[in-house]
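Here's model_3.txt, which has compact mmCIF, N, CA and C atoms:
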```
# COMPACT_ATOMS: atom_id res chain seq x y z
N MET A 1 14.89 -20.89 29.27
CA MET A 1 13.78 -19.96 29.38
C MET A 1 12.49 -20.71 29.07
N PRO A 2 11.50 -20.57 29.90
CA PRO A 2 10.22 -21.23 29.64
C PRO A 2 9.52 -20.63 28.42
N ILE A 3 8.73 -21.43 27.78
CA ILE A 3 8.02 -20.98 26.59
C ILE A 3 6.94 -19.97 26.93
N ARG A 4 6.53 -19.94 28.18
CA ARG A 4 5.47 -19.02 28.63
C ARG A 4 5.77 -17.58 28.21
N THR A 5 7.05 -17.23 28.16
CA THR A 5 7.48 -15.88 27.76
C THR A 5 6.98 -15.54 26.36
N TYR A 6 6.85 -16.54 25.51
CA TYR A 6 6.50 -16.34 24.11
C TYR A 6 5.01 -16.56 23.81
N LEU A 7 4.25 -16.95 24.80
CA LEU A 7 2.83 -17.21 24.60
C LEU A 7 2.01 -15.93 24.69
N ASP A 8 1.19 -15.67 23.70
CA ASP A 8 0.28 -14.53 23.75
C ASP A 8 -0.82 -14.77 24.78
N ASP A 9 -1.29 -16.00 24.85
CA ASP A 9 -2.37 -16.37 25.77
C ASP A 9 -2.03 -17.69 26.45
N PRO A 10 -1.30 -17.63 27.58
CA PRO A 10 -0.92 -18.87 28.27
C PRO A 10 -2.11 -19.73 28.67
N ALA A 11 -3.28 -19.13 28.84
CA ALA A 11 -4.47 -19.89 29.24
C ALA A 11 -4.97 -20.80 28.11
N ALA A 12 -4.44 -20.62 26.91
CA ALA A 12 -4.87 -21.43 25.77
C ALA A 12 -4.34 -22.86 25.86
N PHE A 13 -3.36 -23.09 26.74
CA PHE A 13 -2.74 -24.41 26.88
C PHE A 13 -2.84 -24.89 28.32
N GLU A 14 -2.97 -26.19 28.46
CA GLU A 14 -2.94 -26.82 29.78
C GLU A 14 -1.51 -26.72 30.34
N PRO A 15 -1.36 -26.75 31.65
CA PRO A 15 -0.02 -26.68 32.24
C PRO A 15 0.93 -27.78 31.73
N GLU A 16 0.40 -28.97 31.48
CA GLU A 16 1.23 -30.06 30.97
C GLU A 16 1.76 -29.74 29.58
N ALA A 17 0.93 -29.12 28.75
CA ALA A 17 1.35 -28.75 27.40
C ALA A 17 2.42 -27.67 27.45
N ILE A 18 2.27 -26.72 28.36
CA ILE A 18 3.26 -25.66 28.50
C ILE A 18 4.59 -26.25 28.97
N ALA A 19 4.54 -27.20 29.88
CA ALA A 19 5.76 -27.86 30.35
C ALA A 19 6.44 -28.61 29.21
N ALA A 20 5.66 -29.33 28.41
CA ALA A 20 6.21 -30.08 27.27
C ALA A 20 6.82 -29.13 26.25
N MET A 21 6.14 -28.03 25.96
CA MET A 21 6.66 -27.06 25.00
C MET A 21 7.93 -26.41 25.52
N SER A 22 8.01 -26.15 26.82
CA SER A 22 9.21 -25.57 27.41
C SER A 22 10.39 -26.52 27.29
N GLN A 23 10.15 -27.81 27.55
CA GLN A 23 11.21 -28.82 27.39
C GLN A 23 11.66 -28.88 25.94
N ALA A 24 10.71 -28.85 25.02
CA ALA A 24 11.04 -28.89 23.60
C ALA A 24 11.85 -27.67 23.19
N LEU A 25 11.51 -26.52 23.72
CA LEU A 25 12.25 -25.29 23.41
C LEU A 25 13.70 -25.42 23.84
N GLN A 26 13.92 -25.88 25.06
CA GLN A 26 15.29 -26.02 25.56
C GLN A 26 16.08 -27.01 24.68
N ARG A 27 15.47 -28.14 24.39
CA ARG A 27 16.16 -29.17 23.61
C ARG A 27 16.44 -28.70 22.19
N ALA A 28 15.45 -28.10 21.55
CA ALA A 28 15.62 -27.66 20.16
C ALA A 28 16.67 -26.55 20.07
N CYS A 29 16.63 -25.61 20.97
CA CYS A 29 17.62 -24.53 20.94
C CYS A 29 19.03 -25.08 21.14
N LYS A 30 19.17 -26.01 22.06
CA LYS A 30 20.49 -26.61 22.30
C LYS A 30 20.97 -27.35 21.06
N GLU A 31 20.13 -28.16 20.48
CA GLU A 31 20.50 -28.97 19.31
C GLU A 31 20.80 -28.09 18.08
N LEU A 32 20.06 -27.00 17.93
CA LEU A 32 20.25 -26.12 16.78
C LEU A 32 21.32 -25.05 17.01
N GLY A 33 21.86 -25.00 18.22
CA GLY A 33 22.92 -24.04 18.52
C GLY A 33 22.42 -22.62 18.72
N VAL A 34 21.17 -22.48 19.16
CA VAL A 34 20.61 -21.16 19.42
C VAL A 34 21.00 -20.79 20.86
N ALA A 35 21.84 -19.78 21.01
CA ALA A 35 22.38 -19.39 22.31
C ALA A 35 21.32 -18.76 23.20
N HIS A 36 21.58 -18.78 24.51
CA HIS A 36 20.64 -18.19 25.47
C HIS A 36 20.42 -16.70 25.21
N GLY A 37 21.40 -16.00 24.71
CA GLY A 37 21.26 -14.58 24.45
C GLY A 37 20.67 -14.24 23.10
N ASP A 38 20.42 -15.24 22.28
CA ASP A 38 19.87 -15.02 20.94
C ASP A 38 18.35 -14.97 21.02
N ASP A 39 17.83 -13.82 21.43
CA ASP A 39 16.39 -13.68 21.63
C ASP A 39 15.59 -13.90 20.35
N ASP A 40 16.10 -13.41 19.24
CA ASP A 40 15.38 -13.59 17.97
C ASP A 40 15.33 -15.06 17.57
N GLY A 41 16.43 -15.75 17.71
CA GLY A 41 16.47 -17.17 17.38
C GLY A 41 15.57 -17.99 18.28
N ARG A 42 15.58 -17.69 19.57
CA ARG A 42 14.73 -18.41 20.52
C ARG A 42 13.26 -18.13 20.23
N ARG A 43 12.95 -16.91 19.85
CA ARG A 43 11.56 -16.57 19.52
C ARG A 43 11.09 -17.35 18.29
N ILE A 44 11.94 -17.49 17.30
CA ILE A 44 11.58 -18.25 16.10
C ILE A 44 11.30 -19.71 16.46
N VAL A 45 12.18 -20.31 17.25
CA VAL A 45 12.00 -21.71 17.65
C VAL A 45 10.73 -21.84 18.48
N ALA A 46 10.54 -20.93 19.43
CA ALA A 46 9.36 -20.97 20.30
C ALA A 46 8.07 -20.83 19.50
N THR A 47 8.08 -19.93 18.53
CA THR A 47 6.88 -19.72 17.71
C THR A 47 6.51 -20.99 16.96
N ARG A 48 7.49 -21.68 16.43
CA ARG A 48 7.20 -22.93 15.70
C ARG A 48 6.67 -24.00 16.66
N ILE A 49 7.25 -24.09 17.84
CA ILE A 49 6.78 -25.06 18.83
C ILE A 49 5.34 -24.74 19.23
N ILE A 50 5.04 -23.48 19.43
CA ILE A 50 3.68 -23.08 19.80
C ILE A 50 2.71 -23.41 18.67
N ASP A 51 3.11 -23.16 17.43
CA ASP A 51 2.25 -23.51 16.28
C ASP A 51 1.96 -25.00 16.26
N LEU A 52 2.99 -25.80 16.47
CA LEU A 52 2.79 -27.25 16.50
C LEU A 52 1.90 -27.65 17.67
N GLY A 53 2.08 -27.00 18.81
CA GLY A 53 1.23 -27.29 19.96
C GLY A 53 -0.23 -26.97 19.68
N ARG A 54 -0.46 -25.89 19.00
CA ARG A 54 -1.84 -25.53 18.63
C ARG A 54 -2.46 -26.54 17.67
N SER A 55 -1.61 -27.18 16.87
CA SER A 55 -2.13 -28.16 15.92
C SER A 55 -2.31 -29.54 16.55
N GLY A 56 -1.99 -29.65 17.83
CA GLY A 56 -2.25 -30.90 18.54
C GLY A 56 -1.04 -31.69 18.97
N VAL A 57 0.15 -31.30 18.55
CA VAL A 57 1.36 -32.00 18.99
C VAL A 57 1.65 -31.55 20.42
N GLN A 58 1.62 -32.49 21.36
CA GLN A 58 1.78 -32.13 22.77
C GLN A 58 2.96 -32.82 23.45
N ASP A 59 3.62 -33.73 22.76
CA ASP A 59 4.72 -34.48 23.32
C ASP A 59 6.03 -33.70 23.15
N ALA A 60 6.80 -33.55 24.23
CA ALA A 60 8.03 -32.76 24.19
C ALA A 60 9.01 -33.31 23.17
N ASP A 61 9.18 -34.63 23.12
CA ASP A 61 10.12 -35.22 22.15
C ASP A 61 9.67 -34.98 20.72
N ALA A 62 8.39 -35.18 20.45
CA ALA A 62 7.87 -34.97 19.09
C ALA A 62 8.02 -33.51 18.68
N LEU A 63 7.71 -32.60 19.58
CA LEU A 63 7.85 -31.17 19.28
C LEU A 63 9.30 -30.83 18.95
N ALA A 64 10.21 -31.26 19.81
CA ALA A 64 11.62 -30.96 19.61
C ALA A 64 12.13 -31.57 18.31
N GLN A 65 11.81 -32.83 18.07
CA GLN A 65 12.30 -33.50 16.87
C GLN A 65 11.81 -32.81 15.60
N ARG A 66 10.56 -32.39 15.58
CA ARG A 66 10.02 -31.71 14.39
C ARG A 66 10.74 -30.39 14.14
N VAL A 67 10.92 -29.61 15.20
CA VAL A 67 11.56 -28.30 15.05
C VAL A 67 13.03 -28.45 14.70
N ILE A 68 13.70 -29.42 15.29
CA ILE A 68 15.10 -29.66 14.96
C ILE A 68 15.24 -30.07 13.50
N ALA A 69 14.39 -30.98 13.05
CA ALA A 69 14.44 -31.41 11.64
C ALA A 69 14.19 -30.25 10.70
N GLU A 70 13.19 -29.44 11.01
CA GLU A 70 12.89 -28.28 10.16
C GLU A 70 14.04 -27.28 10.17
N GLY A 71 14.64 -27.09 11.33
CA GLY A 71 15.76 -26.15 11.45
C GLY A 71 16.97 -26.60 10.65
N LYS A 72 17.23 -27.89 10.69
CA LYS A 72 18.38 -28.41 9.95
C LYS A 72 18.15 -28.31 8.45
N LEU A 73 16.90 -28.43 8.00
CA LEU A 73 16.60 -28.28 6.58
C LEU A 73 16.83 -26.87 6.09
N SER A 74 16.63 -25.90 6.97
CA SER A 74 16.75 -24.51 6.55
C SER A 74 18.16 -23.96 6.70
N LEU A 75 19.07 -24.74 7.25
CA LEU A 75 20.45 -24.26 7.43
C LEU A 75 21.23 -24.28 6.16
```
As structure tokens, how would this structure be written, given the file I've shared?
Amino acid sequence: MPIRTYLDDPAAFEPEAIAAMSQALQRACKELGVAHGDDDGRRIVATRIIDLGRSGVQDADALAQRVIAEGKLSL
């Protein structure tokens, strides 16, 4: 699922940033075991990725790695 679903204002990000965040969402959810039907879990991961994107992190790998690391700490 693209991250666009979780964005309040998609115009706040460039298309490249949205693509990177979408890739990060897919990777992080897969790595953390968040299933496709787990809407609440996907929303939590997406929200964190969006927060990181707003703070300037735009690389898909960096976004995914940060969220995966944070997720593993909270397990």
| Quick one: distance from CA of Ala64 (chain A) to CA of Arg27 (chain A) in Å, one decimal? | 6.3 Å
| query | Using all atoms listed in the file, which residues sit within 8 Å of Ile68 (chain A) once same-chain residues fewer than 2 positions away are excluded, as a PyMOL selection string? | reply | chain A and resi 27-29+31-32+62-66+70-74
| Nearest residue to Val45 (chain A) from the set A:Leu25, A:Ala69, A:Ala19, A:Ala12 (distances using all atoms listed in the file) | A:Leu25
| task | Considering only C-alpha atoms, state which residue in the set A:Gly56, A:Arg42, A:Ile50, A:Asp61 is at the smallest distance from Pro10 (chain A). | result |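 Ranking A:Gly56, A:Arg42, A:Ile50, A:Asp61 by distance to Pro10 (chain A), first place goes to A:Ile50.
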List every residue of chain A that DSSP, applied to the backbone of this structure, assigns to alpha helix (DSSP H), and report them as a compact mmCIF listing (two decimals) with N, CA and C atoms, in the coordinates of the input.
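Saved the output as selection.txt:
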```txt
# COMPACT_ATOMS: atom_id res chain seq x y z
N PRO A 15 -1.36 -26.75 31.65
CA PRO A 15 -0.02 -26.68 32.24
C PRO A 15 0.93 -27.78 31.73
N GLU A 16 0.40 -28.97 31.48
CA GLU A 16 1.23 -30.06 30.97
C GLU A 16 1.76 -29.74 29.58
N ALA A 17 0.93 -29.12 28.75
CA ALA A 17 1.35 -28.75 27.40
C ALA A 17 2.42 -27.67 27.45
N ILE A 18 2.27 -26.72 28.36
CA ILE A 18 3.26 -25.66 28.50
C ILE A 18 4.59 -26.25 28.97
N ALA A 19 4.54 -27.20 29.88
CA ALA A 19 5.76 -27.86 30.35
C ALA A 19 6.44 -28.61 29.21
N ALA A 20 5.66 -29.33 28.41
CA ALA A 20 6.21 -30.08 27.27
C ALA A 20 6.82 -29.13 26.25
N MET A 21 6.14 -28.03 25.96
CA MET A 21 6.66 -27.06 25.00
C MET A 21 7.93 -26.41 25.52
N SER A 22 8.01 -26.15 26.82
CA SER A 22 9.21 -25.57 27.41
C SER A 22 10.39 -26.52 27.29
N GLN A 23 10.15 -27.81 27.55
CA GLN A 23 11.21 -28.82 27.39
C GLN A 23 11.66 -28.88 25.94
N ALA A 24 10.71 -28.85 25.02
CA ALA A 24 11.04 -28.89 23.60
C ALA A 24 11.85 -27.67 23.19
N LEU A 25 11.51 -26.52 23.72
CA LEU A 25 12.25 -25.29 23.41
C LEU A 25 13.70 -25.42 23.84
N GLN A 26 13.92 -25.88 25.06
CA GLN A 26 15.29 -26.02 25.56
C GLN A 26 16.08 -27.01 24.68
N ARG A 27 15.47 -28.14 24.39
CA ARG A 27 16.16 -29.17 23.61
C ARG A 27 16.44 -28.70 22.19
N ALA A 28 15.45 -28.10 21.55
CA ALA A 28 15.62 -27.66 20.16
C ALA A 28 16.67 -26.55 20.07
N CYS A 29 16.63 -25.61 20.97
CA CYS A 29 17.62 -24.53 20.94
C CYS A 29 19.03 -25.08 21.14
N LYS A 30 19.17 -26.01 22.06
CA LYS A 30 20.49 -26.61 22.30
C LYS A 30 20.97 -27.35 21.06
N GLU A 31 20.13 -28.16 20.48
CA GLU A 31 20.50 -28.97 19.31
C GLU A 31 20.80 -28.09 18.08
N LEU A 32 20.06 -27.00 17.93
CA LEU A 32 20.25 -26.12 16.78
C LEU A 32 21.32 -25.05 17.01
N ASP A 39 17.83 -13.82 21.43
CA ASP A 39 16.39 -13.68 21.63
C ASP A 39 15.59 -13.90 20.35
N ASP A 40 16.10 -13.41 19.24
CA ASP A 40 15.38 -13.59 17.97
C ASP A 40 15.33 -15.06 17.57
N GLY A 41 16.43 -15.75 17.71
CA GLY A 41 16.47 -17.17 17.38
C GLY A 41 15.57 -17.99 18.28
N ARG A 42 15.58 -17.69 19.57
CA ARG A 42 14.73 -18.41 20.52
C ARG A 42 13.26 -18.13 20.23
N ARG A 43 12.95 -16.91 19.85
CA ARG A 43 11.56 -16.57 19.52
C ARG A 43 11.09 -17.35 18.29
N ILE A 44 11.94 -17.49 17.30
CA ILE A 44 11.58 -18.25 16.10
C ILE A 44 11.30 -19.71 16.46
N VAL A 45 12.18 -20.31 17.25
CA VAL A 45 12.00 -21.71 17.65
C VAL A 45 10.73 -21.84 18.48
N ALA A 46 10.54 -20.93 19.43
CA ALA A 46 9.36 -20.97 20.30
C ALA A 46 8.07 -20.83 19.50
N THR A 47 8.08 -19.93 18.53
CA THR A 47 6.88 -19.72 17.71
C THR A 47 6.51 -20.99 16.96
N ARG A 48 7.49 -21.68 16.43
CA ARG A 48 7.20 -22.93 15.70
C ARG A 48 6.67 -24.00 16.66
N ILE A 49 7.25 -24.09 17.84
CA ILE A 49 6.78 -25.06 18.83
C ILE A 49 5.34 -24.74 19.23
N ILE A 50 5.04 -23.48 19.43
CA ILE A 50 3.68 -23.08 19.80
C ILE A 50 2.71 -23.41 18.67
N ASP A 51 3.11 -23.16 17.43
CA ASP A 51 2.25 -23.51 16.28
C ASP A 51 1.96 -25.00 16.26
N LEU A 52 2.99 -25.80 16.47
CA LEU A 52 2.79 -27.25 16.50
C LEU A 52 1.90 -27.65 17.67
N GLY A 53 2.08 -27.00 18.81
CA GLY A 53 1.23 -27.29 19.96
C GLY A 53 -0.23 -26.97 19.68
N ARG A 54 -0.46 -25.89 19.00
CA ARG A 54 -1.84 -25.53 18.63
C ARG A 54 -2.46 -26.54 17.67
N ALA A 60 6.80 -33.55 24.23
CA ALA A 60 8.03 -32.76 24.19
C ALA A 60 9.01 -33.31 23.17
N ASP A 61 9.18 -34.63 23.12
CA ASP A 61 10.12 -35.22 22.15
C ASP A 61 9.67 -34.98 20.72
N ALA A 62 8.39 -35.18 20.45
CA ALA A 62 7.87 -34.97 19.09
C ALA A 62 8.02 -33.51 18.68
N LEU A 63 7.71 -32.60 19.58
CA LEU A 63 7.85 -31.17 19.28
C LEU A 63 9.30 -30.83 18.95
N ALA A 64 10.21 -31.26 19.81
CA ALA A 64 11.62 -30.96 19.61
C ALA A 64 12.13 -31.57 18.31
N GLN A 65 11.81 -32.83 18.07
CA GLN A 65 12.30 -33.50 16.87
C GLN A 65 11.81 -32.81 15.60
N ARG A 66 10.56 -32.39 15.58
CA ARG A 66 10.02 -31.71 14.39
C ARG A 66 10.74 -30.39 14.14
N VAL A 67 10.92 -29.61 15.20
CA VAL A 67 11.56 -28.30 15.05
C VAL A 67 13.03 -28.45 14.70
N ILE A 68 13.70 -29.42 15.29
CA ILE A 68 15.10 -29.66 14.96
C ILE A 68 15.24 -30.07 13.50
N ALA A 69 14.39 -30.98 13.05
CA ALA A 69 14.44 -31.41 11.64
C ALA A 69 14.19 -30.25 10.70
N GLU A 70 13.19 -29.44 11.01
CA GLU A 70 12.89 -28.28 10.16
C GLU A 70 14.04 -27.28 10.17
N GLY A 71 14.64 -27.09 11.33
CA GLY A 71 15.76 -26.15 11.45
C GLY A 71 16.97 -26.60 10.65
N LYS A 72 17.23 -27.89 10.69
CA LYS A 72 18.38 -28.41 9.95
C LYS A 72 18.15 -28.31 8.45
N LEU A 73 16.90 -28.43 8.00
CA LEU A 73 16.60 -28.28 6.58
C LEU A 73 16.83 -26.87 6.09
N SER A 74 16.63 -25.90 6.97
CA SER A 74 16.75 -24.51 6.55
C SER A 74 18.16 -23.96 6.70
```
Pull the neighbourhood of (2.0, -27.4, 19.3) for me: all residues within 10 Å in file coordinates, counting only C-alpha atoms, as a PDB file with N, CA and C atoms, in the coordinates of the input.
```pdb
ATOM      1  N   PHE A  13      -3.360 -23.090  26.740  1.00  0.00           N
ATOM      2  CA  PHE A  13      -2.740 -24.410  26.880  1.00  0.00           C
ATOM      3  C   PHE A  13      -2.840 -24.890  28.320  1.00  0.00           C
ATOM      4  N   ALA A  17       0.930 -29.120  28.750  1.00  0.00           N
ATOM      5  CA  ALA A  17       1.350 -28.750  27.400  1.00  0.00           C
ATOM      6  C   ALA A  17       2.420 -27.670  27.450  1.00  0.00           C
ATOM      7  N   ILE A  18       2.270 -26.720  28.360  1.00  0.00           N
ATOM      8  CA  ILE A  18       3.260 -25.660  28.500  1.00  0.00           C
ATOM      9  C   ILE A  18       4.590 -26.250  28.970  1.00  0.00           C
ATOM     10  N   ALA A  20       5.660 -29.330  28.410  1.00  0.00           N
ATOM     11  CA  ALA A  20       6.210 -30.080  27.270  1.00  0.00           C
ATOM     12  C   ALA A  20       6.820 -29.130  26.250  1.00  0.00           C
ATOM     13  N   MET A  21       6.140 -28.030  25.960  1.00  0.00           N
ATOM     14  CA  MET A  21       6.660 -27.060  25.000  1.00  0.00           C
ATOM     15  C   MET A  21       7.930 -26.410  25.520  1.00  0.00           C
ATOM     16  N   ALA A  46      10.540 -20.930  19.430  1.00  0.00           N
ATOM     17  CA  ALA A  46       9.360 -20.970  20.300  1.00  0.00           C
ATOM     18  C   ALA A  46       8.070 -20.830  19.500  1.00  0.00           C
ATOM     19  N   THR A  47       8.080 -19.930  18.530  1.00  0.00           N
ATOM     20  CA  THR A  47       6.880 -19.720  17.710  1.00  0.00           C
ATOM     21  C   THR A  47       6.510 -20.990  16.960  1.00  0.00           C
ATOM     22  N   ARG A  48       7.490 -21.680  16.430  1.00  0.00           N
ATOM     23  CA  ARG A  48       7.200 -22.930  15.700  1.00  0.00           C
ATOM     24  C   ARG A  48       6.670 -24.000  16.660  1.00  0.00           C
ATOM     25  N   ILE A  49       7.250 -24.090  17.840  1.00  0.00           N
ATOM     26  CA  ILE A  49       6.780 -25.060  18.830  1.00  0.00           C
ATOM     27  C   ILE A  49       5.340 -24.740  19.230  1.00  0.00           C
ATOM     28  N   ILE A  50       5.040 -23.480  19.430  1.00  0.00           N
ATOM     29  CA  ILE A  50       3.680 -23.080  19.800  1.00  0.00           C
ATOM     30  C   ILE A  50       2.710 -23.410  18.670  1.00  0.00           C
ATOM     31  N   ASP A  51       3.110 -23.160  17.430  1.00  0.00           N
ATOM     32  CA  ASP A  51       2.250 -23.510  16.280  1.00  0.00           C
ATOM     33  C   ASP A  51       1.960 -25.000  16.260  1.00  0.00           C
ATOM     34  N   LEU A  52       2.990 -25.800  16.470  1.00  0.00           N
ATOM     35  CA  LEU A  52       2.790 -27.250  16.500  1.00  0.00           C
ATOM     36  C   LEU A  52       1.900 -27.650  17.670  1.00  0.00           C
ATOM     37  N   GLY A  53       2.080 -27.000  18.810  1.00  0.00           N
ATOM     38  CA  GLY A  53       1.230 -27.290  19.960  1.00  0.00           C
ATOM     39  C   GLY A  53      -0.230 -26.970  19.680  1.00  0.00           C
ATOM     40  N   ARG A  54      -0.460 -25.890  19.000  1.00  0.00           N
ATOM     41  CA  ARG A  54      -1.840 -25.530  18.630  1.00  0.00           C
ATOM     42  C   ARG A  54      -2.460 -26.540  17.670  1.00  0.00           C
ATOM     43  N   SER A  55      -1.610 -27.180  16.870  1.00  0.00           N
ATOM     44  CA  SER A  55      -2.130 -28.160  15.920  1.00  0.00           C
ATOM     45  C   SER A  55      -2.310 -29.540  16.550  1.00  0.00           C
ATOM     46  N   GLY A  56      -1.990 -29.650  17.830  1.00  0.00           N
ATOM     47  CA  GLY A  56      -2.250 -30.900  18.540  1.00  0.00           C
ATOM     48  C   GLY A  56      -1.040 -31.690  18.970  1.00  0.00           C
ATOM     49  N   VAL A  57       0.150 -31.300  18.550  1.00  0.00           N
ATOM     50  CA  VAL A  57       1.360 -32.000  18.990  1.00  0.00           C
ATOM     51  C   VAL A  57       1.650 -31.550  20.420  1.00  0.00           C
ATOM     52  N   GLN A  58       1.620 -32.490  21.360  1.00  0.00           N
ATOM     53  CA  GLN A  58       1.780 -32.130  22.770  1.00  0.00           C
ATOM     54  C   GLN A  58       2.960 -32.820  23.450  1.00  0.00           C
ATOM     55  N   ASP A  59       3.620 -33.730  22.760  1.00  0.00           N
ATOM     56  CA  ASP A  59       4.720 -34.480  23.320  1.00  0.00           C
ATOM     57  C   ASP A  59       6.030 -33.700  23.150  1.00  0.00           C
ATOM     58  N   ALA A  60       6.800 -33.550  24.230  1.00  0.00           N
ATOM     59  CA  ALA A  60       8.030 -32.760  24.190  1.00  0.00           C
ATOM     60  C   ALA A  60       9.010 -33.310  23.170  1.00  0.00           C
ATOM     61  N   ALA A  62       8.390 -35.180  20.450  1.00  0.00           N
ATOM     62  CA  ALA A  62       7.870 -34.970  19.090  1.00  0.00           C
ATOM     63  C   ALA A  62       8.020 -33.510  18.680  1.00  0.00           C
ATOM     64  N   LEU A  63       7.710 -32.600  19.580  1.00  0.00           N
ATOM     65  CA  LEU A  63       7.850 -31.170  19.280  1.00  0.00           C
ATOM     66  C   LEU A  63       9.300 -30.830  18.950  1.00  0.00           C
TER      67      LEU A  63
END
```
| field | Pairwise distance for atom N of Asp38 (chain A) and atom N of Ser22 (chain A), rounded to one decimal in Å | value |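 These atoms are spaced 17.1 Å apart.
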Centre and edges of the region 44-49 of chain A box, axis-aligned, 8 Å extra per side, as lines of an AutoDock Vina configuration file:
```
center_x = 8.8
center_y = -21.3
center_z = 18.0
size_x = 22.8
size_y = 23.6
size_z = 20.6
```
| Interatomic distance (Å, one decimal) between atom C of Val34 (chain A) and atom C of Ala11 (chain A) | 27.0 Å
| said: So, with only C-alpha atoms as the atoms that count, which of A:Gln23, A:Gly33, A:Gly41, A:Val67 lies closest to Arg4 (chain A)? | reply: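 So, comparing all the options, the nearest one is A:Gln23.
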